[in-house]
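Data file: input31.json. Format and content: JSON, C-alpha atoms (C1' of nucleotides).
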[["chain", "number", "residue", "atom", "x", "y", "z"],
["A", 461, "MET", "CA", 0.00, 0.00, 0.00],
["A", 462, "SER", "CA", 0.83, 3.65, 0.05],
["A", 463, "GLY", "CA", 2.57, 5.01, 3.14],
["A", 464, "ILE", "CA", 1.90, 4.96, 6.86],
["A", 465, "ARG", "CA", -1.41, 3.66, 8.15],
["A", 466, "LEU", "CA", -2.90, 4.88, 11.38],
["A", 467, "GLY", "CA", -5.76, 3.57, 13.49],
["A", 468, "ARG", "CA", -8.45, 5.82, 14.85],
["A", 469, "VAL", "CA", -6.80, 6.61, 18.15],
["A", 470, "GLN", "CA", -3.35, 6.84, 16.60],
["A", 471, "TRP", "CA", -4.79, 9.46, 14.30],
["A", 472, "ARG", "CA", -6.13, 11.42, 17.25],
["A", 473, "ILE", "CA", -2.69, 11.35, 18.80],
["A", 474, "MET", "CA", -1.06, 12.54, 15.59],
["A", 475, "GLN", "CA", -3.57, 15.37, 15.34],
["A", 476, "VAL", "CA", -2.43, 16.61, 18.73],
["A", 477, "LEU", "CA", 1.19, 16.35, 17.62],
["A", 478, "TRP", "CA", 0.54, 18.13, 14.35],
["A", 479, "GLU", "CA", -1.30, 20.89, 16.09],
["A", 480, "LYS", "CA", 1.05, 21.46, 18.99],
["A", 481, "GLY", "CA", 4.34, 20.45, 17.48],
["A", 482, "ARG", "CA", 6.16, 19.21, 20.56],
["A", 483, "VAL", "CA", 4.36, 17.72, 23.55],
["A", 484, "ASN", "CA", 4.86, 15.18, 26.26],
["A", 485, "ALA", "CA", 2.72, 12.09, 26.76],
["A", 486, "ARG", "CA", 0.70, 13.58, 29.58],
["A", 487, "GLU", "CA", -0.42, 16.53, 27.51],
["A", 488, "ILE", "CA", -1.57, 14.16, 24.79],
["A", 489, "THR", "CA", -3.54, 12.07, 27.25],
["A", 490, "ASP", "CA", -5.15, 15.20, 28.63],
["A", 491, "ALA", "CA", -6.04, 16.45, 25.17],
["A", 492, "LEU", "CA", -7.60, 13.13, 24.20],
["A", 493, "ASN", "CA", -9.51, 12.90, 27.45],
["A", 494, "ARG", "CA", -11.24, 16.13, 26.62],
["A", 495, "ILE", "CA", -12.95, 14.12, 23.86],
["A", 496, "GLU", "CA", -13.26, 10.59, 25.19],
["A", 497, "PRO", "CA", -11.79, 8.63, 28.09],
["A", 498, "ILE", "CA", -8.46, 6.90, 27.55],
["A", 499, "ALA", "CA", -5.86, 5.63, 30.02],
["A", 500, "HIS", "CA", -2.47, 7.28, 30.07],
["A", 501, "SER", "CA", -0.73, 3.92, 29.68],
["A", 502, "THR", "CA", -2.75, 3.30, 26.54],
["A", 503, "VAL", "CA", -1.52, 6.55, 25.09],
["A", 504, "GLN", "CA", 2.04, 5.58, 25.96],
["A", 505, "THR", "CA", 1.67, 2.22, 24.27],
["A", 506, "LEU", "CA", 0.39, 3.88, 21.13],
["A", 507, "LEU", "CA", 3.16, 6.48, 21.24],
["A", 508, "ARG", "CA", 5.70, 3.67, 21.30],
["A", 509, "LYS", "CA", 3.98, 2.00, 18.36],
["A", 510, "LEU", "CA", 3.89, 5.25, 16.44],
["A", 511, "GLU", "CA", 7.58, 5.68, 17.12],
["A", 512, "ASN", "CA", 8.31, 2.10, 15.99],
["A", 513, "LYS", "CA", 6.64, 2.74, 12.68],
["A", 514, "GLY", "CA", 8.51, 5.97, 12.17],
["A", 515, "ALA", "CA", 5.61, 8.38, 12.50],
["A", 516, "ILE", "CA", 7.07, 10.25, 15.45],
["A", 517, "ASP", "CA", 10.24, 10.61, 17.50],
["A", 518, "HIS", "CA", 11.12, 12.17, 20.83],
["A", 519, "ASP", "CA", 13.75, 14.21, 22.62],
["A", 520, "ILE", "CA", 14.29, 14.02, 26.32],
["A", 521, "ASP", "CA", 13.85, 17.06, 28.51],
["A", 522, "GLU", "CA", 14.98, 16.35, 32.06],
["A", 523, "ARG", "CA", 13.30, 13.00, 32.39],
["A", 524, "THR", "CA", 10.23, 13.47, 30.22],
["A", 525, "PHE", "CA", 9.91, 12.56, 26.60],
["A", 526, "ILE", "CA", 8.96, 15.33, 24.25],
["A", 527, "PHE", "CA", 7.32, 13.83, 21.19],
["A", 528, "TYR", "CA", 7.13, 15.36, 17.78],
["A", 529, "PRO", "CA", 5.86, 14.21, 14.37],
["A", 530, "LEU", "CA", 8.19, 12.88, 11.70],
["A", 531, "VAL", "CA", 5.52, 12.55, 9.04],
["A", 532, "GLU", "CA", 3.47, 15.33, 7.57],
["A", 533, "VAL", "CA", -0.27, 15.44, 7.82],
["A", 534, "GLU", "CA", -0.51, 15.94, 4.05],
["A", 535, "ASN", "CA", 1.28, 12.68, 3.33],
["A", 536, "VAL", "CA", -0.64, 10.60, 5.82],
["A", 537, "THR", "CA", -3.92, 12.09, 4.67],
["A", 538, "ARG", "CA", -3.02, 11.36, 1.08],
["A", 539, "SER", "CA", -2.33, 7.70, 1.70],
["A", 540, "ALA", "CA", -5.36, 7.20, 3.92],
["A", 541, "LEU", "CA", -7.48, 8.79, 1.23],
["A", 542, "LYS", "CA", -5.98, 6.61, -1.43],
["A", 543, "ASP", "CA", -6.64, 3.43, 0.55],
["A", 544, "PHE", "CA", -10.20, 4.49, 1.19],
["A", 545, "VAL", "CA", -11.01, 5.53, -2.34],
["A", 546, "ASP", "CA", -9.38, 2.42, -3.75],
["A", 547, "LYS", "CA", -11.34, 0.23, -1.40],
["A", 548, "ILE", "CA", -14.76, 1.73, -1.81],
["A", 549, "PHE", "CA", -14.90, 3.99, -4.86],
["A", 550, "GLU", "CA", -12.79, 1.96, -7.24],
["A", 551, "GLY", "CA", -10.01, 4.47, -7.05],
["A", 552, "SER", "CA", -12.11, 7.38, -8.24],
["A", 553, "PRO", "CA", -12.12, 10.48, -6.03],
["A", 554, "ALA", "CA", -14.67, 11.98, -8.40],
["A", 555, "GLY", "CA", -16.89, 8.98, -7.68],
["A", 556, "LEU", "CA", -16.62, 9.75, -3.98],
["A", 557, "VAL", "CA", -17.49, 13.42, -4.47],
["A", 558, "SER", "CA", -20.48, 12.56, -6.65],
["A", 559, "TYR", "CA", -21.65, 10.07, -4.07],
["A", 560, "LEU", "CA", -21.46, 12.65, -1.30],
["A", 561, "ILE", "CA", -23.37, 15.26, -3.22],
["A", 562, "LYS", "CA", -26.03, 12.91, -4.58],
["A", 563, "ASN", "CA", -26.67, 11.37, -1.21],
["A", 564, "GLU", "CA", -27.06, 14.69, 0.53],
["A", 565, "TYR", "CA", -24.02, 14.52, 2.73],
["A", 566, "ILE", "CA", -23.34, 18.16, 1.95],
["A", 567, "PRO", "CA", -25.61, 20.72, 3.57],
["A", 568, "PRO", "CA", -26.99, 23.33, 1.16],
["A", 569, "GLU", "CA", -24.98, 26.19, 2.62],
["A", 570, "GLU", "CA", -21.76, 24.30, 1.86],
["A", 571, "LEU", "CA", -22.72, 23.61, -1.72],
["A", 572, "GLU", "CA", -22.15, 27.23, -2.61],
["A", 573, "ASN", "CA", -18.60, 27.13, -1.23],
["A", 574, "ILE", "CA", -17.87, 24.02, -3.19],
["A", 575, "ARG", "CA", -19.14, 25.61, -6.35],
["A", 576, "LYS", "CA", -16.75, 28.48, -5.77],
["A", 577, "LEU", "CA", -13.85, 26.06, -5.35],
["A", 578, "ILE", "CA", -14.76, 24.47, -8.65],
["A", 579, "ASN", "CA", -14.81, 27.85, -10.34],
["A", 580, "LYS", "CA", -11.40, 28.61, -8.94],
["A", 581, "ARG", "CA", -10.06, 25.32, -10.26],
["A", 582, "GLU", "CA", -11.60, 25.83, -13.67],
["A", 583, "LYS", "CA", -10.53, 29.40, -14.28],
["B", 37, "MET", "CA", -19.09, 2.76, 15.87],
["B", 38, "SER", "CA", -21.63, 2.69, 13.12],
["B", 39, "GLY", "CA", -22.36, -0.68, 11.52],
["B", 40, "ILE", "CA", -20.34, -3.44, 9.94],
["B", 41, "ARG", "CA", -16.65, -2.88, 9.24],
["B", 42, "LEU", "CA", -14.89, -4.66, 6.42],
["B", 43, "GLY", "CA", -11.21, -5.02, 5.59],
["B", 44, "ARG", "CA", -9.86, -4.47, 2.13],
["B", 45, "VAL", "CA", -10.17, -8.03, 0.93],
["B", 46, "GLN", "CA", -13.47, -8.55, 2.67],
["B", 47, "TRP", "CA", -14.73, -5.58, 0.77],
["B", 48, "ARG", "CA", -13.61, -7.11, -2.51],
["B", 49, "ILE", "CA", -15.48, -10.26, -1.64],
["B", 50, "MET", "CA", -18.62, -8.32, -0.81],
["B", 51, "GLN", "CA", -18.38, -6.46, -4.10],
["B", 52, "VAL", "CA", -18.51, -9.77, -5.92],
["B", 53, "LEU", "CA", -21.51, -10.82, -3.84],
["B", 54, "TRP", "CA", -23.29, -7.53, -4.40],
["B", 55, "GLU", "CA", -22.69, -7.70, -8.10],
["B", 56, "LYS", "CA", -23.56, -11.33, -8.70],
["B", 57, "GLY", "CA", -26.10, -11.92, -5.96],
["B", 58, "ARG", "CA", -25.54, -15.60, -5.33],
["B", 59, "VAL", "CA", -22.21, -17.32, -5.92],
["B", 60, "ASN", "CA", -20.12, -20.14, -4.56],
["B", 61, "ALA", "CA", -16.68, -19.74, -3.01],
["B", 62, "ARG", "CA", -14.83, -20.87, -6.11],
["B", 63, "GLU", "CA", -16.40, -18.19, -8.28],
["B", 64, "ILE", "CA", -15.39, -15.57, -5.75],
["B", 65, "THR", "CA", -11.82, -16.80, -5.68],
["B", 66, "ASP", "CA", -11.72, -16.74, -9.46],
["B", 67, "ALA", "CA", -13.13, -13.23, -9.60],
["B", 68, "LEU", "CA", -10.60, -11.95, -7.09],
["B", 69, "ASN", "CA", -7.74, -13.68, -8.84],
["B", 70, "ARG", "CA", -8.50, -11.70, -11.96],
["B", 71, "ILE", "CA", -7.29, -8.71, -9.95],
["B", 72, "GLU", "CA", -4.63, -10.04, -7.59],
["B", 73, "PRO", "CA", -3.52, -13.47, -6.42],
["B", 74, "ILE", "CA", -5.26, -14.99, -3.44],
["B", 75, "ALA", "CA", -5.53, -18.58, -2.22],
["B", 76, "HIS", "CA", -8.89, -20.25, -2.26],
["B", 77, "SER", "CA", -8.55, -21.22, 1.39],
["B", 78, "THR", "CA", -8.01, -17.58, 2.27],
["B", 79, "VAL", "CA", -11.25, -16.68, 0.56],
["B", 80, "GLN", "CA", -13.02, -19.41, 2.46],
["B", 81, "THR", "CA", -11.65, -18.17, 5.77],
["B", 82, "LEU", "CA", -12.85, -14.68, 5.02],
["B", 83, "LEU", "CA", -16.24, -15.96, 3.91],
["B", 84, "ARG", "CA", -16.61, -17.68, 7.26],
["B", 85, "LYS", "CA", -15.63, -14.49, 9.06],
["B", 86, "LEU", "CA", -18.08, -12.48, 6.99],
["B", 87, "GLU", "CA", -20.77, -14.97, 7.87],
["B", 88, "ASN", "CA", -19.87, -14.81, 11.57],
["B", 89, "LYS", "CA", -20.30, -11.09, 11.57],
["B", 90, "GLY", "CA", -23.64, -11.32, 9.79],
["B", 91, "ALA", "CA", -22.63, -9.77, 6.49],
["B", 92, "ILE", "CA", -23.50, -12.82, 4.42],
["B", 93, "ASP", "CA", -25.21, -16.19, 4.64],
["B", 94, "HIS", "CA", -25.36, -19.29, 2.47],
["B", 95, "ASP", "CA", -27.67, -21.95, 1.14],
["B", 96, "ILE", "CA", -26.46, -25.37, 0.15],
["B", 97, "ASP", "CA", -26.87, -26.66, -3.35],
["B", 98, "GLU", "CA", -25.89, -30.31, -3.57],
["B", 99, "ARG", "CA", -22.69, -30.00, -1.58],
["B", 100, "THR", "CA", -21.58, -26.50, -2.46],
["B", 101, "PHE", "CA", -22.33, -23.41, -0.46],
["B", 102, "ILE", "CA", -24.06, -20.62, -2.32],
["B", 103, "PHE", "CA", -23.27, -17.36, -0.60],
["B", 104, "TYR", "CA", -25.34, -14.21, -0.70],
["B", 105, "PRO", "CA", -25.16, -10.83, 1.02],
["B", 106, "LEU", "CA", -27.27, -9.99, 4.04],
["B", 107, "VAL", "CA", -26.18, -6.36, 4.24],
["B", 108, "GLU", "CA", -26.73, -3.72, 1.63],
["B", 109, "VAL", "CA", -23.90, -1.91, -0.07],
["B", 110, "GLU", "CA", -25.52, 1.42, 0.81],
["B", 111, "ASN", "CA", -25.40, 0.70, 4.53],
["B", 112, "VAL", "CA", -21.87, -0.58, 4.59],
["B", 113, "THR", "CA", -20.69, 2.30, 2.44],
["B", 114, "ARG", "CA", -22.41, 4.74, 4.74],
["B", 115, "SER", "CA", -20.72, 3.44, 7.85],
["B", 116, "ALA", "CA", -17.29, 3.17, 6.22],
["B", 117, "LEU", "CA", -17.67, 6.73, 5.03],
["B", 118, "LYS", "CA", -18.69, 7.92, 8.46],
["B", 119, "ASP", "CA", -15.70, 6.26, 10.11],
["B", 120, "PHE", "CA", -13.36, 7.75, 7.54],
["B", 121, "VAL", "CA", -14.76, 11.27, 7.66],
["B", 122, "ASP", "CA", -14.86, 11.23, 11.45],
["B", 123, "LYS", "CA", -11.29, 10.06, 11.62],
["B", 124, "ILE", "CA", -9.71, 12.40, 9.13],
["B", 125, "PHE", "CA", -12.05, 15.28, 8.32],
["B", 126, "GLU", "CA", -13.49, 15.90, 11.76],
["B", 127, "GLY", "CA", -16.83, 14.52, 10.71],
["B", 128, "SER", "CA", -17.32, 16.98, 7.87],
["B", 129, "PRO", "CA", -18.07, 15.49, 4.44],
["B", 130, "ALA", "CA", -17.94, 19.01, 3.05],
["B", 131, "GLY", "CA", -14.39, 19.26, 4.38],
["B", 132, "LEU", "CA", -13.53, 16.12, 2.48],
["B", 133, "VAL", "CA", -15.05, 17.41, -0.75],
["B", 134, "SER", "CA", -13.25, 20.73, -0.42],
["B", 135, "TYR", "CA", -10.01, 18.91, 0.21],
["B", 136, "LEU", "CA", -10.42, 16.80, -2.90],
["B", 137, "ILE", "CA", -11.18, 19.72, -5.14],
["B", 138, "LYS", "CA", -8.50, 22.02, -3.73],
["B", 139, "ASN", "CA", -5.84, 19.37, -3.96],
["B", 140, "GLU", "CA", -6.64, 18.50, -7.53],
["B", 141, "TYR", "CA", -7.91, 15.02, -6.98],
["B", 142, "ILE", "CA", -10.67, 15.70, -9.46],
["B", 143, "PRO", "CA", -9.72, 15.85, -13.13],
["B", 144, "PRO", "CA", -11.09, 18.91, -14.99],
["B", 145, "GLU", "CA", -13.51, 16.93, -17.10],
["B", 146, "GLU", "CA", -15.18, 15.62, -13.93],
["B", 147, "LEU", "CA", -15.55, 19.06, -12.42],
["B", 148, "GLU", "CA", -18.29, 19.92, -14.86],
["B", 149, "ASN", "CA", -20.29, 16.84, -13.85],
["B", 150, "ILE", "CA", -19.96, 17.74, -10.23],
["B", 151, "ARG", "CA", -21.15, 21.25, -10.92],
["B", 152, "LYS", "CA", -24.24, 19.78, -12.55],
["B", 153, "LEU", "CA", -24.90, 17.60, -9.52],
["B", 154, "ILE", "CA", -24.71, 20.67, -7.32],
["B", 155, "ASN", "CA", -27.17, 22.48, -9.53],
["B", 156, "LYS", "CA", -29.55, 19.56, -9.33],
["B", 157, "ARG", "CA", -29.30, 19.55, -5.55],
["B", 158, "GLU", "CA", -29.81, 23.28, -5.31],
["B", 159, "LYS", "CA", -32.79, 23.64, -7.60],
["C", 949, "DA", "C1'", 15.18, 10.11, 55.31],
["C", 950, "DA", "C1'", 10.50, 8.57, 54.24],
["C", 951, "DA", "C1'", 6.57, 9.20, 51.58],
["C", 952, "DG", "C1'", 4.38, 10.74, 47.81],
["C", 953, "DT", "C1'", 4.30, 11.83, 42.93],
["C", 954, "DA", "C1'", 5.14, 11.30, 38.22],
["C", 955, "DA", "C1'", 7.73, 9.50, 34.62],
["C", 956, "DA", "C1'", 8.90, 5.48, 31.62],
["C", 957, "DT", "C1'", 8.97, 0.30, 31.13],
["C", 958, "DT", "C1'", 7.24, -4.20, 31.26],
["C", 959, "DT", "C1'", 3.86, -7.34, 30.61],
["C", 960, "DA", "C1'", -0.37, -9.12, 29.10],
["C", 961, "DC", "C1'", -4.57, -9.64, 26.93],
["C", 962, "DT", "C1'", -8.52, -9.26, 23.25],
["C", 963, "DA", "C1'", -10.02, -8.57, 18.71],
["C", 964, "DT", "C1'", -9.66, -8.41, 13.83],
["C", 965, "DA", "C1'", -7.61, -9.03, 9.11],
["C", 966, "DG", "C1'", -5.17, -11.62, 6.33],
["C", 967, "DT", "C1'", -2.57, -15.59, 5.00],
["C", 968, "DA", "C1'", -2.75, -20.47, 3.73],
["C", 969, "DA", "C1'", -1.49, -25.48, 4.37],
["C", 970, "DT", "C1'", -3.52, -29.57, 5.54],
["C", 971, "DA", "C1'", -7.22, -32.81, 6.44],
["C", 972, "DT", "C1'", -11.51, -34.85, 5.42],
["C", 973, "DA", "C1'", -15.41, -36.13, 2.75],
["C", 974, "DA", "C1'", -17.93, -36.80, -1.35],
["C", 975, "DT", "C1'", -18.39, -37.05, -6.24],
["C", 976, "DT", "C1'", -16.75, -37.76, -10.88],
["C", 977, "DT", "C1'", -14.07, -40.10, -14.09],
["C", 978, "DG", "C1'", -10.99, -43.35, -16.30],
["D", 624, "DC", "C1'", -13.50, -49.59, -8.28],
["D", 625, "DA", "C1'", -9.44, -46.86, -7.83],
["D", 626, "DA", "C1'", -7.92, -42.35, -8.64],
["D", 627, "DA", "C1'", -8.46, -37.73, -9.35],
["D", 628, "DT", "C1'", -11.02, -33.83, -8.46],
["D", 629, "DT", "C1'", -13.49, -30.63, -5.71],
["D", 630, "DA", "C1'", -15.99, -29.15, -1.60],
["D", 631, "DT", "C1'", -15.85, -27.90, 3.13],
["D", 632, "DA", "C1'", -13.50, -28.05, 7.75],
["D", 633, "DT", "C1'", -9.64, -27.71, 10.76],
["D", 634, "DT", "C1'", -5.71, -25.67, 12.37],
["D", 635, "DA", "C1'", -2.24, -22.36, 12.76],
["D", 636, "DC", "C1'", 0.34, -18.33, 12.28],
["D", 637, "DT", "C1'", 1.62, -13.12, 11.69],
["D", 638, "DA", "C1'", 0.55, -8.44, 12.13],
["D", 639, "DT", "C1'", -1.79, -4.54, 13.95],
["D", 640, "DA", "C1'", -4.87, -1.75, 17.02],
["D", 641, "DG", "C1'", -6.41, -0.99, 21.22],
["D", 642, "DT", "C1'", -6.79, -1.69, 26.06],
["D", 643, "DA", "C1'", -4.52, -1.00, 30.55],
["D", 644, "DA", "C1'", -2.58, -2.81, 35.05],
["D", 645, "DA", "C1'", 1.58, -3.37, 37.38],
["D", 646, "DT", "C1'", 6.37, -2.34, 38.03],
["D", 647, "DT", "C1'", 10.41, 0.30, 38.27],
["D", 648, "DT", "C1'", 12.81, 4.51, 38.56],
["D", 649, "DA", "C1'", 13.69, 9.08, 39.79],
["D", 650, "DC", "C1'", 12.55, 13.32, 41.65],
["D", 651, "DT", "C1'", 9.97, 16.34, 45.26],
["D", 652, "DT", "C1'", 8.15, 17.36, 49.37],
["D", 653, "DT", "C1'", 7.45, 16.93, 54.06]]

Can you give me the file's structure in the form of structure tokens?
Amino acid sequence: MSGIRLGRVQWRIMQVLWEKGRVNAREITDALNRIEPIAHSTVQTLLRKLENKGAIDHDIDERTFIFYPLVEVENVTRSALKDFVDKIFEGSPAGLVSYLIKNEYIPPEELENIRKLINKREK
Amino acid sequence: MSGIRLGRVQWRIMQVLWEKGRVNAREITDALNRIEPIAHSTVQTLLRKLENKGAIDHDIDERTFIFYPLVEVENVTRSALKDFVDKIFEGSPAGLVSYLIKNEYIPPEELENIRKLINKREK
DNA sequence: AAAGTAAATTTACTATAGTAATATAATTTG
DNA sequence: CAAATTATATTACTATAGTAAATTTACTTT
């Protein structure tokens, strides 16, 4: 497959890293717990797994690990998108977009924005 | 989470079932092998797992199992889409569509079709 | 110095996806 | 009728995601 694959919770962790840049494990746990409960040791396990697969690395400040991303959100998004579109929309992003519009996933007020994006692309 | 979750290969198998309606394991293996190599016993394992999770069932004709889908492609697509959009686009399908258009995932000739779909939705 | 606190490390377990060889049973064919 | 074919069933293994308790280690505070 494409590049790095992340599970749901791993993605949440990466989002914190991408947003904040450099954080320790505790801050990540706290951030995630604002959304849904998760044990600190779980976060640490996933941080180790993320590090093993090369998605992140850490420095050491005093005795705490400061984690930071090694992969860019653009790249990981791109490969996740590719996997998804390949799996479900036969590799056609346009098929996905059509599906979303036809099946009313896009609220009317967003349709106008999307039309503008198309105009920008076409000009 | 939403409904039934399928892996990549499980999805391929379901696509065969959705397309053909009722088929035996051998036909599925043959169909998949037109795309990429897979052992027949692997297909059978996955068919059993799909049956365990309630995605398919089978009748018996002589001594061969005839498999057929129990879940509809619309439902499974919907839940896969929800998981994906929740994970990566903060639950916003419009965010996904904008991303695809901005990042040139949609070839120019498709843009016109999409514009038409928007018009249809807006009228 | 002892006790508490907070960090990383170790260990362990469940669940799912994918992989497939091997075994068994029944039918078809030479 | 023996042999080949073809079905299903059994068994087993790897990899990954997620879950988290328990342990060790080091610093802080009383």

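The residues that lie within 12 Å of the point (-25.4, -26.2, -5.0), counting only C-alpha atoms (C1' of nucleotides), are Arg58, Val59, Asn60, Ala61, Arg62, His94, Asp95, Ile96, Asp97, Glu98, Arg99, Thr100, Phe101, Ile102 and Phe103 of chain B; DA630 of chain D.
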
Write the residues you've just listed into a file as a PDB file, in the coordinates of the input, and include C-alpha atoms (C1' of nucleotides) for each of them.
ATOM      1  CA  ARG B  58     -25.540 -15.600  -5.330  1.00  0.00           C
ATOM      2  CA  VAL B  59     -22.210 -17.320  -5.920  1.00  0.00           C
ATOM      3  CA  ASN B  60     -20.120 -20.140  -4.560  1.00  0.00           C
ATOM      4  CA  ALA B  61     -16.680 -19.740  -3.010  1.00  0.00           C
ATOM      5  CA  ARG B  62     -14.830 -20.870  -6.110  1.00  0.00           C
ATOM      6  CA  HIS B  94     -25.360 -19.290   2.470  1.00  0.00           C
ATOM      7  CA  ASP B  95     -27.670 -21.950   1.140  1.00  0.00           C
ATOM      8  CA  ILE B  96     -26.460 -25.370   0.150  1.00  0.00           C
ATOM      9  CA  ASP B  97     -26.870 -26.660  -3.350  1.00  0.00           C
ATOM     10  CA  GLU B  98     -25.890 -30.310  -3.570  1.00  0.00           C
ATOM     11  CA  ARG B  99     -22.690 -30.000  -1.580  1.00  0.00           C
ATOM     12  CA  THR B 100     -21.580 -26.500  -2.460  1.00  0.00           C
ATOM     13  CA  PHE B 101     -22.330 -23.410  -0.460  1.00  0.00           C
ATOM     14  CA  ILE B 102     -24.060 -20.620  -2.320  1.00  0.00           C
ATOM     15  CA  PHE B 103     -23.270 -17.360  -0.600  1.00  0.00           C
TER      16      PHE B 103
ATOM     17  C1'  DA D 630     -15.990 -29.150  -1.600  1.00  0.00           C
TER      18       DA D 630
END

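Using only C-alpha atoms (C1' of nucleotides), the part of chain C that sits within 8 Å of chain B is made up of DA965, DG966, DT967 and DA968 of chain C.
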
Proximity to DT631 of chain D - best of C:DG978, C:DA954, C:DA971, C:DT959, only C-alpha atoms (C1' of nucleotides): C:DA971

Which residues of chain A come within 6 Å of chain B, and what is each one's closest atom pair and distance in Å (one decimal), counting only C-alpha atoms, sorted by chain and residue number, as a tab-separated table?
residue	atom	partner	partner_atom	distance
A:Ala554	CA	B:Ile142	CA	5.6
A:Val557	CA	B:Val133	CA	6.0
A:Ile566	CA	B:Ala130	CA	5.6

Let's have the selection written as a CSV table (one decimal), in the frame of the given file, with C-alpha atoms.
chain,number,residue,atom,x,y,z
A,554,ALA,CA,-14.7,12.0,-8.4
A,557,VAL,CA,-17.5,13.4,-4.5
A,566,ILE,CA,-23.3,18.2,2.0

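The space between atom CA of Ile92 of chain B and atom C1' of DT629 of chain D spans 22.8 Å.
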
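Proximity of D:DT634, D:DT653, D:DT648, D:DT642 to DA969 of chain C, computed with all atoms listed in the file, is greatest for D:DT634.
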
Contact residues around Leu106 of chain B with only C-alpha atoms (C1' of nucleotides) at 8 Å, ignoring same-chain residues under 4 positions, as a PyMOL selection string: chain B and resi 90-93

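In chain D, the set of residues within 8 Å of chain A (atoms considered: only C-alpha atoms (C1' of nucleotides)) is DA640, DG641, DT642 and DA643 of chain D.
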
Centre and edge lengths, as AutoDock Vina command-line options, for the axis-aligned box enclosing every listed atom of segment 499-517 of chain A with 6 Å of padding on each of the six sides, in Å to one decimal?
--center_x 2.2 --center_y 6.3 --center_z 21.1 --size_x 28.1 --size_y 20.6 --size_z 29.9

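Of the listed residues (C:DA955, C:DA949, C:DA973, C:DC961), C:DA949 comes nearest to DT652 of chain D; the distances count all atoms listed in the file.
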
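Interatomic distance, atom C1' of DT972 of chain C to atom C1' of DA632 of chain D: 7.5 Å.
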
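In this model, the gap between atom CA of Tyr528 of chain A and atom C1' of DA649 of chain D comes to 23.8 Å.
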